[in-house]
file final.txt (compact mmCIF, C-alpha atoms)
# COMPACT_ATOMS: atom_id res chain seq x y z
CA MET A 1 0.00 0.00 0.00
CA ALA A 2 2.85 2.39 0.78
CA GLY A 3 3.76 4.62 -2.09
CA GLY A 4 1.14 3.06 -4.32
CA ALA A 5 -0.38 4.89 -7.26
CA GLU A 6 -3.77 5.06 -5.59
CA GLN A 7 -2.62 7.26 -2.70
CA THR A 8 -0.28 10.18 -2.22
CA SER A 9 2.00 10.24 0.81
CA SER A 10 -0.25 12.64 2.71
CA GLU A 11 -3.35 10.57 1.91
CA TYR A 12 -1.55 7.43 3.05
CA ILE A 13 -0.61 9.03 6.38
CA ARG A 14 -4.12 10.42 6.95
CA HIS A 15 -5.64 7.04 6.16
CA HIS A 16 -3.46 5.23 8.70
CA LEU A 17 -4.12 7.83 11.39
CA GLN A 18 -7.92 7.80 11.02
CA HIS A 19 -9.93 5.63 13.38
CA LEU A 20 -12.93 3.51 12.55
CA THR A 21 -15.36 5.99 14.07
CA TYR A 22 -19.07 5.52 14.74
CA GLY A 23 -21.40 8.37 15.56
CA ARG A 24 -24.12 10.69 14.38
CA LEU A 25 -23.56 11.92 10.81
CA GLU A 26 -24.45 15.36 9.49
CA ASP A 27 -27.76 14.16 8.01
CA GLY A 28 -28.93 12.95 11.44
CA THR A 29 -28.35 9.24 10.83
CA TRP A 30 -25.91 7.08 12.77
CA GLY A 31 -23.05 5.37 10.98
CA PHE A 32 -19.33 5.14 10.37
CA ALA A 33 -17.35 8.21 9.34
CA GLN A 34 -15.40 8.08 6.09
CA THR A 35 -13.50 11.36 6.36
CA PRO A 36 -11.86 13.43 9.15
CA GLU A 37 -14.47 16.13 8.50
CA GLN A 38 -17.28 13.69 9.32
CA ILE A 39 -15.50 12.69 12.54
CA GLU A 40 -15.22 16.35 13.56
CA GLN A 41 -18.94 16.86 12.93
CA MET A 42 -19.78 13.92 15.20
CA GLY A 43 -18.37 15.79 18.16
CA PHE A 44 -17.79 14.36 21.63
CA TRP A 45 -19.93 11.25 21.23
CA ALA A 46 -17.94 9.81 18.34
CA VAL A 47 -16.80 6.29 19.26
CA HIS A 48 -13.48 4.85 18.10
CA VAL A 49 -14.70 1.33 17.44
CA ASP A 50 -11.27 0.00 16.47
CA SER A 51 -9.60 1.15 19.70
CA LEU A 52 -12.38 -0.29 21.85
CA ALA A 53 -12.48 -3.58 19.92
CA MET A 54 -8.71 -4.09 20.09
CA ALA A 55 -8.53 -3.13 23.77
CA VAL A 56 -11.29 -5.59 24.69
CA PHE A 57 -9.80 -8.28 22.45
CA LEU A 58 -6.34 -7.95 23.99
CA GLY A 59 -7.86 -7.84 27.47
CA GLY A 60 -9.59 -11.12 26.65
CA ILE A 61 -6.28 -12.63 25.49
CA PHE A 62 -4.68 -11.55 28.78
CA PHE A 63 -7.50 -13.19 30.75
CA VAL A 64 -7.38 -16.45 28.78
CA ILE A 65 -3.58 -16.75 28.94
CA PHE A 66 -3.37 -16.24 32.68
CA ARG A 67 -6.46 -18.37 33.34
CA LEU A 68 -5.00 -21.31 31.42
CA ALA A 69 -1.66 -20.86 33.17
CA ALA A 70 -3.39 -20.93 36.56
CA GLN A 71 -5.40 -24.05 35.67
CA LYS A 72 -2.33 -25.93 34.43
CA ALA A 73 0.01 -24.72 37.17
CA SER A 74 2.10 -27.44 38.75
CA SER A 75 4.29 -27.32 41.85
CA GLU A 76 6.32 -30.34 40.72
CA VAL A 77 7.79 -29.73 37.25
CA PRO A 78 6.59 -26.34 35.95
CA GLY A 79 6.74 -25.87 32.20
CA ARG A 80 8.32 -22.97 30.34
CA TRP A 81 5.03 -21.09 30.02
CA GLN A 82 4.32 -21.39 33.73
CA ASN A 83 7.84 -20.18 34.50
CA PHE A 84 7.31 -17.17 32.24
CA ILE A 85 3.97 -16.28 33.86
CA GLU A 86 5.46 -16.68 37.33
CA MET A 87 8.36 -14.44 36.32
CA VAL A 88 5.93 -11.70 35.22
CA VAL A 89 3.88 -12.05 38.43
CA GLU A 90 7.01 -11.95 40.62
CA PHE A 91 8.32 -8.90 38.75
CA VAL A 92 5.09 -6.99 39.36
CA ASP A 93 4.85 -8.23 42.96
CA GLU A 94 8.38 -7.06 43.78
CA ASN A 95 7.69 -3.61 42.34
CA VAL A 96 4.47 -3.32 44.35
CA LYS A 97 6.15 -4.43 47.59
CA SER A 98 9.00 -1.95 47.13
CA THR A 99 6.60 0.95 46.47
CA PHE A 100 3.35 0.25 48.30
CA SER A 101 3.58 -0.24 52.07
CA ALA A 102 -0.10 -0.14 53.05
CA ASN A 103 -2.39 -3.17 53.25
CA ASN A 104 -4.61 -3.32 50.18
CA ARG A 105 -5.18 -6.57 48.30
CA LEU A 106 -6.41 -4.75 45.19
CA ILE A 107 -3.11 -3.07 44.31
CA ALA A 108 -1.03 -6.06 43.17
CA PRO A 109 -3.74 -7.54 40.87
CA LEU A 110 -4.42 -4.04 39.53
CA ALA A 111 -0.71 -3.50 38.82
CA LEU A 112 -0.45 -6.88 37.07
CA THR A 113 -3.51 -6.14 34.94
CA ILE A 114 -2.20 -2.71 33.96
CA PHE A 115 1.28 -3.96 33.09
CA VAL A 116 0.22 -6.93 30.94
CA TRP A 117 -2.75 -5.20 29.31
CA VAL A 118 -0.81 -2.06 28.39
CA PHE A 119 2.09 -4.21 27.17
CA LEU A 120 -0.21 -6.21 24.88
CA MET A 121 -1.77 -3.03 23.49
CA ASN A 122 1.68 -1.52 22.91
CA LEU A 123 2.88 -4.74 21.30
CA MET A 124 0.46 -4.27 18.41
CA ASP A 125 2.72 -1.46 17.21
CA LEU A 126 5.16 -4.14 15.99
CA VAL A 127 2.61 -5.63 13.59
CA PRO A 128 3.50 -4.54 10.01
CA ILE A 129 1.81 -1.20 9.44
CA ASP A 130 -0.20 -2.29 6.38
CA PHE A 131 -1.01 -5.88 7.29
CA LEU A 132 -4.18 -5.64 9.40
CA PRO A 133 -5.55 -2.40 7.86
CA TYR A 134 -5.29 -3.99 4.39
CA THR A 135 -6.91 -7.18 5.70
CA PHE A 136 -9.82 -5.16 7.11
CA GLN A 137 -10.13 -3.27 3.82
CA LEU A 138 -10.63 -6.59 2.05
CA LEU A 139 -13.47 -7.23 4.53
CA GLY A 140 -15.07 -3.90 3.69
CA VAL A 141 -13.76 -1.88 6.67
CA SER A 142 -12.24 1.35 5.38
CA HIS A 143 -10.18 2.33 8.43
CA PHE A 144 -8.84 0.31 11.36
CA LYS A 145 -6.10 1.31 13.81
CA ILE A 146 -4.78 -1.67 15.75
CA VAL A 147 -2.77 0.04 18.53
CA PRO A 148 -5.20 1.21 21.23
CA THR A 149 -2.52 3.14 23.13
CA THR A 150 -2.02 5.48 20.15
CA ASP A 151 -5.55 6.73 20.89
CA PRO A 152 -5.64 9.41 23.63
CA ASN A 153 -9.21 8.38 24.45
CA VAL A 154 -7.91 4.98 25.59
CA THR A 155 -4.86 6.19 27.50
CA MET A 156 -6.75 9.04 29.17
CA GLY A 157 -9.63 6.68 29.96
CA MET A 158 -7.22 4.42 31.85
CA ALA A 159 -5.58 7.42 33.51
CA ILE A 160 -8.94 8.82 34.66
CA SER A 161 -9.86 5.39 36.07
CA VAL A 162 -6.64 5.49 38.12
CA PHE A 163 -7.45 9.06 39.17
CA ILE A 164 -10.87 7.96 40.44
CA LEU A 165 -9.15 5.28 42.55
CA ILE A 166 -6.75 7.92 43.88
CA LEU A 167 -9.66 10.12 45.00
CA TYR A 168 -11.56 7.14 46.43
CA TYR A 169 -8.71 5.87 48.58
CA SER A 170 -7.59 9.38 49.59
CA ILE A 171 -11.04 10.06 51.05
CA LYS A 172 -11.55 6.53 52.38
CA ILE A 173 -8.21 6.36 54.22
CA LYS A 174 -7.92 9.98 55.40
CA GLY A 175 -11.51 11.11 55.46
CA PHE A 176 -12.74 14.10 53.51
CA GLY A 177 -11.28 16.49 56.08
CA GLY A 178 -7.85 14.89 55.93
CA PHE A 179 -7.86 14.86 52.13
CA PHE A 180 -8.96 18.50 51.98
CA GLY A 181 -6.34 19.39 54.59
CA GLU A 182 -3.58 18.00 52.40
CA LEU A 183 -4.73 20.26 49.58
CA ALA A 184 -5.42 23.35 51.66
CA PHE A 185 -2.80 23.47 54.43
CA GLN A 186 0.47 22.60 52.68
CA PRO A 187 3.13 23.48 51.65
CA PHE A 188 2.53 27.05 52.88
CA PRO A 189 0.98 28.18 56.20
CA LYS A 190 -2.79 27.93 56.64
CA ALA A 191 -3.18 31.65 56.02
CA LEU A 192 -2.24 31.03 52.41
CA LEU A 193 -5.06 28.53 51.86
CA PRO A 194 -5.98 29.79 48.33
CA ALA A 195 -2.37 29.45 47.19
CA ASN A 196 -2.15 25.97 48.68
CA LEU A 197 -5.37 24.89 46.97
CA ALA A 198 -4.19 26.24 43.63
CA LEU A 199 -0.76 24.60 43.89
CA GLU A 200 -1.87 21.23 45.27
CA GLY A 201 -4.98 21.15 43.06
CA VAL A 202 -2.86 21.54 39.94
CA THR A 203 -0.44 18.87 41.22
CA LEU A 204 -3.35 16.48 41.76
CA LEU A 205 -4.91 17.12 38.36
CA THR A 206 -1.62 16.72 36.49
CA LYS A 207 -1.34 13.10 37.66
CA PRO A 208 -3.92 11.62 35.24
CA VAL A 209 -2.93 14.04 32.48
CA SER A 210 0.76 13.11 32.62
CA LEU A 211 -0.08 9.42 33.07
CA GLY A 212 -2.29 9.26 29.98
CA LEU A 213 -0.43 11.64 27.69
CA ARG A 214 2.99 10.08 28.38
CA LEU A 215 1.80 6.68 27.19
CA PHE A 216 -0.07 8.13 24.21
CA GLY A 217 2.79 10.38 23.11
CA ASN A 218 5.45 7.69 23.09
CA LEU A 219 3.35 5.12 21.23
CA TYR A 220 1.95 7.67 18.78
CA ALA A 221 5.46 8.85 17.92
CA GLY A 222 6.51 5.25 17.30
CA GLU A 223 3.52 4.70 15.04
CA ILE A 224 4.34 7.83 13.02
CA ILE A 225 7.89 6.61 12.46
CA PHE A 226 6.65 3.21 11.24
CA ILE A 227 4.28 4.98 8.83
CA LEU A 228 7.06 7.21 7.50
CA ILE A 229 9.34 4.19 7.01
CA ALA A 230 6.53 2.46 5.08
CA LEU A 231 6.52 5.37 2.61
CA LEU A 232 10.12 4.69 1.61
CA PRO A 233 11.16 2.33 -1.21
CA TRP A 234 10.92 -1.33 -0.23
CA TRP A 235 14.68 -1.88 -0.36
CA ILE A 236 15.18 0.83 2.31
CA GLN A 237 12.25 -0.16 4.51
CA PHE A 238 13.83 -3.36 5.83
CA SER A 239 17.11 -1.72 6.82
CA LEU A 240 15.22 0.92 8.85
CA SER A 241 12.15 -0.92 10.13
CA VAL A 242 14.01 -3.82 11.76
CA PRO A 243 16.38 -1.66 13.89
CA TRP A 244 13.51 0.66 14.84
CA ALA A 245 11.30 -2.32 15.76
CA LEU A 246 14.06 -3.76 17.96
CA PHE A 247 14.49 -0.41 19.69
CA HIS A 248 10.72 0.00 19.95
CA ILE A 249 10.50 -3.24 21.96
CA LEU A 250 12.28 -1.38 24.76
CA ILE A 251 9.76 1.48 24.54
CA ILE A 252 6.83 -0.95 24.58
CA VAL A 253 7.99 -2.65 27.77
CA LEU A 254 9.21 0.56 29.41
CA GLN A 255 5.96 2.47 28.88
CA ALA A 256 3.89 -0.40 30.29
CA MET A 257 6.18 -0.53 33.32
CA ILE A 258 6.07 3.25 33.83
CA PHE A 259 2.27 3.32 33.69
CA MET A 260 2.12 0.49 36.25
CA ILE A 261 4.73 1.97 38.62
CA LEU A 262 3.24 5.47 38.56
CA THR A 263 -0.20 4.00 39.28
CA VAL A 264 1.18 2.17 42.32
CA ILE A 265 3.06 5.29 43.50
CA TYR A 266 -0.02 7.50 43.19
CA LEU A 267 -2.15 4.98 45.08
CA ALA A 268 0.56 4.65 47.73
CA GLN A 269 0.44 8.42 48.21
CA ALA A 270 -3.35 8.20 48.53
CA HIS A 271 -2.87 5.80 51.47
CA GLU A 272 -0.32 7.97 53.28
CA HIS A 273 -1.17 10.41 56.07
CA HIS A 274 0.51 13.81 56.35
call {"tool": "encode", "arguments": {"input": "final.txt", "output": "structure tokens"}}
result
Amino acid sequence: MAGGAEQTSSEYIRHHLQHLTYGRLEDGTWGFAQTPEQIEQMGFWAVHVDSLAMAVFLGGIFFVIFRLAAQKASSEVPGRWQNFIEMVVEFVDENVKSTFSANNRLIAPLALTIFVWVFLMNLMDLVPIDFLPYTFQLLGVSHFKIVPTTDPNVTMGMAISVFILILYYSIKIKGFGGFFGELAFQPFPKALLPANLALEGVTLLTKPVSLGLRLFGNLYAGEIIFILIALLPWWIQFSLSVPWALFHILIIVLQAMIFMILTVIYLAQAHEHH
């Protein structure tokens, strides 16, 4: 598809960056958008069907893999797959224990879910850029992005979910008065309550923003580079795509780990008293 006669370079890039979007069209009917202009007209309630479908699909794969590993687990002679799963679980468990000191049985399973799920979503960035979109085109689907974490709606949705947990545990552990006190009475004296609220309020609100945008920005940049490489002649693509894919493996793992660790740190702060 890259560099083909049917598309210019700019059209190729726009096509690969457009989501399969469902919403209300300009004529009042509901359907899938075909152009960026139609997506803009849909407004806030436009749904990125491809991002949701891939996120749910990869979440299902995560559930099935770990469920089968748990069912076939053996304490006598564990197989290679069981060893791999145990290694992932131990890695997450060690990070949680080193960061989270309170007693909450939700945190470790949450951290494991975040790490594996985000990793699987990031991993889709290594699939050849034209393979699945072209396959879906043969099935009559005009646009389909396969990397959910290149969609800010997905990354910010996860970040807001973490933010809700932060607020919940902050109020549950400290009470509303204690939580408000942390925002209103530090770092300056109580007389400077408005300044404290402004400073600590911004600090609190930047947590989900930085959490979601960091993941989105890194994966989106990687996707753009893969698209630009696909526009080059075929004899150059291989020499560039393979090294970038190998380097991108580090980014995929690192971003999943950062999202997990920051989530645990923020929840640990929510459990601490000042």
call {"tool": "closest_residue", "arguments": {"input": "final.txt", "among": "A:Ser51, A:Asn218, A:Gln82, A:Gln186", "to": "Leu17 in chain A", "atoms": "only C-alpha atoms"}}
result
A:Ser51
call {"tool": "atom_distance", "arguments": {"input": "final.txt", "atom1": "CA of Met42 in chain A", "atom2": "CA of Val162 in chain A"}}
result
27.7 Å
call {"tool": "residues_around", "arguments": {"input": "final.txt", "residues": "range 252-258 of chain A", "least_positions_apart": "5", "cutoff": "7 Å", "atoms": "only C-alpha atoms", "output": "count of residues only"}}
result
6
call {"tool": "atom_distance", "arguments": {"input": "final.txt", "atom1": "CA of Arg14 in chain A", "atom2": "CA of Trp30 in chain A"}}
result
22.8 Å
call {"tool": "closest_residue", "arguments": {"input": "final.txt", "among": "A:Val89, A:Phe100, A:Glu26, A:Trp117", "to": "Val56 in chain A", "atoms": "all atoms listed in the file"}}
result
A:Trp117
call {"tool": "atom_distance", "arguments": {"input": "final.txt", "atom1": "CA of Phe163 in chain A", "atom2": "CA of Tyr266 in chain A"}}
result
8.6 Å
call {"tool": "closest_residue", "arguments": {"input": "final.txt", "among": "A:Arg24, A:Asp50, A:Pro189, A:Ile65", "to": "Val116 in chain A", "atoms": "only C-alpha atoms"}}
result
A:Ile65
call {"tool": "residues_around", "arguments": {"input": "final.txt", "residues": "Val154 in chain A", "least_positions_apart": "4", "cutoff": "8 Å", "atoms": "only C-alpha atoms", "output": "list in words"}}
result
Ser51, Leu52, Pro148, Thr149 and Met158 of chain A
call {"tool": "residues_near_point", "arguments": {"input": "final.txt", "point": "(3.6, 21.6, 49.4)", "cutoff": "12 Å", "atoms": "only C-alpha atoms", "output": "list in words"}}
result
Gly181, Glu182, Leu183, Ala184, Phe185, Gln186, Pro187, Phe188, Pro189, Lys190, Leu192, Leu193, Ala195, Asn196, Leu197, Ala198, Leu199, Glu200, Gly201, Val202, Thr203, Leu204 and His274 of chain A
call {"tool": "closest_residue", "arguments": {"input": "final.txt", "among": "A:Thr263, A:Trp234, A:Ala108, A:Phe44", "to": "Ile166 in chain A", "atoms": "all atoms listed in the file"}}
result
A:Thr263
call {"tool": "closest_residue", "arguments": {"input": "final.txt", "among": "A:Ile146, A:Ala230, A:Val96, A:Leu68", "to": "Trp81 in chain A", "atoms": "all atoms listed in the file"}}
result
A:Leu68
call {"tool": "residues_around", "arguments": {"input": "final.txt", "residues": "range 210-214 of chain A", "least_positions_apart": "4", "cutoff": "6 Å", "atoms": "all atoms listed in the file", "output": "number ranges by chain"}}
result
A: 155-156, 159, 206
call {"tool": "closest_residue", "arguments": {"input": "final.txt", "among": "A:Tyr22, A:Phe32, A:Phe144, A:Phe66", "to": "Met54 in chain A", "atoms": "all atoms listed in the file"}}
result
A:Phe144
call {"tool": "axis_aligned_box", "arguments": {"input": "final.txt", "around": "range 54-73 of chain A", "padding_each_side": "6 Å", "output": "lines of an AutoDock Vina configuration file"}}
result
center_x = -5.6
center_y = -14.5
center_z = 28.6
size_x = 23.3
size_y = 34.8
size_z = 29.1
call {"tool": "residues_around", "arguments": {"input": "final.txt", "residues": "Ala70 in chain A", "least_positions_apart": "6", "cutoff": "10 Å", "atoms": "only C-alpha atoms", "output": "PyMOL selection string"}}
result
chain A and resi 64+82+85-86
call {"tool": "build_atoms", "arguments": {"input": "final.txt", "residues": "range 60-85 of chain A", "atoms": "N, CA, C and O atoms", "output": "CSV table (one decimal), in the frame of the given file"}}
result
chain,number,residue,atom,x,y,z
A,60,GLY,N,-9.1,-9.7,26.6
A,60,GLY,CA,-9.6,-11.1,26.6
A,60,GLY,C,-8.4,-12.1,26.5
A,60,GLY,O,-8.4,-13.2,27.2
A,61,ILE,N,-7.5,-11.8,25.6
A,61,ILE,CA,-6.3,-12.6,25.5
A,61,ILE,C,-5.5,-12.7,26.8
A,61,ILE,O,-5.1,-13.8,27.2
A,62,PHE,N,-5.4,-11.6,27.5
A,62,PHE,CA,-4.7,-11.6,28.8
A,62,PHE,C,-5.4,-12.5,29.8
A,62,PHE,O,-4.8,-13.3,30.5
A,63,PHE,N,-6.7,-12.4,29.8
A,63,PHE,CA,-7.5,-13.2,30.8
A,63,PHE,C,-7.3,-14.7,30.4
A,63,PHE,O,-7.1,-15.5,31.3
A,64,VAL,N,-7.5,-15.0,29.2
A,64,VAL,CA,-7.4,-16.4,28.8
A,64,VAL,C,-6.0,-17.0,29.1
A,64,VAL,O,-5.8,-18.1,29.6
A,65,ILE,N,-5.0,-16.3,28.7
A,65,ILE,CA,-3.6,-16.8,28.9
A,65,ILE,C,-3.3,-17.0,30.4
A,65,ILE,O,-2.8,-18.1,30.8
A,66,PHE,N,-3.7,-16.1,31.3
A,66,PHE,CA,-3.4,-16.2,32.7
A,66,PHE,C,-4.3,-17.3,33.3
A,66,PHE,O,-3.9,-18.0,34.3
A,67,ARG,N,-5.5,-17.4,32.8
A,67,ARG,CA,-6.5,-18.4,33.3
A,67,ARG,C,-6.0,-19.8,33.0
A,67,ARG,O,-6.0,-20.7,33.9
A,68,LEU,N,-5.5,-20.0,31.8
A,68,LEU,CA,-5.0,-21.3,31.4
A,68,LEU,C,-3.7,-21.6,32.2
A,68,LEU,O,-3.5,-22.8,32.6
A,69,ALA,N,-2.9,-20.6,32.4
A,69,ALA,CA,-1.7,-20.9,33.2
A,69,ALA,C,-2.0,-21.2,34.6
A,69,ALA,O,-1.3,-22.1,35.2
A,70,ALA,N,-3.0,-20.6,35.2
A,70,ALA,CA,-3.4,-20.9,36.6
A,70,ALA,C,-4.0,-22.3,36.6
A,70,ALA,O,-3.7,-23.1,37.6
A,71,GLN,N,-4.8,-22.7,35.7
A,71,GLN,CA,-5.4,-24.0,35.7
A,71,GLN,C,-4.4,-25.2,35.5
A,71,GLN,O,-4.5,-26.3,36.1
A,72,LYS,N,-3.3,-24.9,34.7
A,72,LYS,CA,-2.3,-25.9,34.4
A,72,LYS,C,-1.1,-25.8,35.3
A,72,LYS,O,-0.1,-26.5,35.1
A,73,ALA,N,-1.2,-24.9,36.3
A,73,ALA,CA,0.0,-24.7,37.2
A,73,ALA,C,0.3,-26.0,37.9
A,73,ALA,O,-0.5,-26.7,38.4
A,74,SER,N,1.6,-26.3,38.0
A,74,SER,CA,2.1,-27.4,38.8
A,74,SER,C,3.2,-27.1,39.7
A,74,SER,O,4.1,-26.3,39.3
A,75,SER,N,3.2,-27.6,40.9
A,75,SER,CA,4.3,-27.3,41.8
A,75,SER,C,5.5,-28.3,41.7
A,75,SER,O,6.5,-28.2,42.4
A,76,GLU,N,5.3,-29.3,40.9
A,76,GLU,CA,6.3,-30.3,40.7
A,76,GLU,C,7.3,-30.0,39.6
A,76,GLU,O,8.5,-29.6,39.9
A,77,VAL,N,6.9,-30.1,38.4
A,77,VAL,CA,7.8,-29.7,37.2
A,77,VAL,C,7.1,-28.7,36.4
A,77,VAL,O,6.4,-29.0,35.4
A,78,PRO,N,7.2,-27.4,36.7
A,78,PRO,CA,6.6,-26.3,36.0
A,78,PRO,C,7.2,-26.3,34.6
A,78,PRO,O,8.4,-26.4,34.4
A,79,GLY,N,6.3,-26.0,33.6
A,79,GLY,CA,6.7,-25.9,32.2
A,79,GLY,C,7.3,-24.5,31.9
A,79,GLY,O,7.3,-23.6,32.8
A,80,ARG,N,7.7,-24.3,30.7
A,80,ARG,CA,8.3,-23.0,30.3
A,80,ARG,C,7.3,-21.8,30.4
A,80,ARG,O,7.6,-20.8,30.9
A,81,TRP,N,6.1,-22.1,30.0
A,81,TRP,CA,5.0,-21.1,30.0
A,81,TRP,C,4.7,-20.7,31.4
A,81,TRP,O,4.5,-19.5,31.8
A,82,GLN,N,4.6,-21.7,32.3
A,82,GLN,CA,4.3,-21.4,33.7
A,82,GLN,C,5.5,-20.6,34.3
A,82,GLN,O,5.2,-19.6,35.1
A,83,ASN,N,6.7,-20.9,34.0
A,83,ASN,CA,7.8,-20.2,34.5
A,83,ASN,C,7.8,-18.7,34.0
A,83,ASN,O,8.1,-17.8,34.8
A,84,PHE,N,7.4,-18.5,32.8
A,84,PHE,CA,7.3,-17.2,32.2
A,84,PHE,C,6.2,-16.4,33.0
A,84,PHE,O,6.5,-15.2,33.4
A,85,ILE,N,5.1,-17.0,33.2
A,85,ILE,CA,4.0,-16.3,33.9
A,85,ILE,C,4.4,-16.0,35.3
A,85,ILE,O,4.1,-14.9,35.8
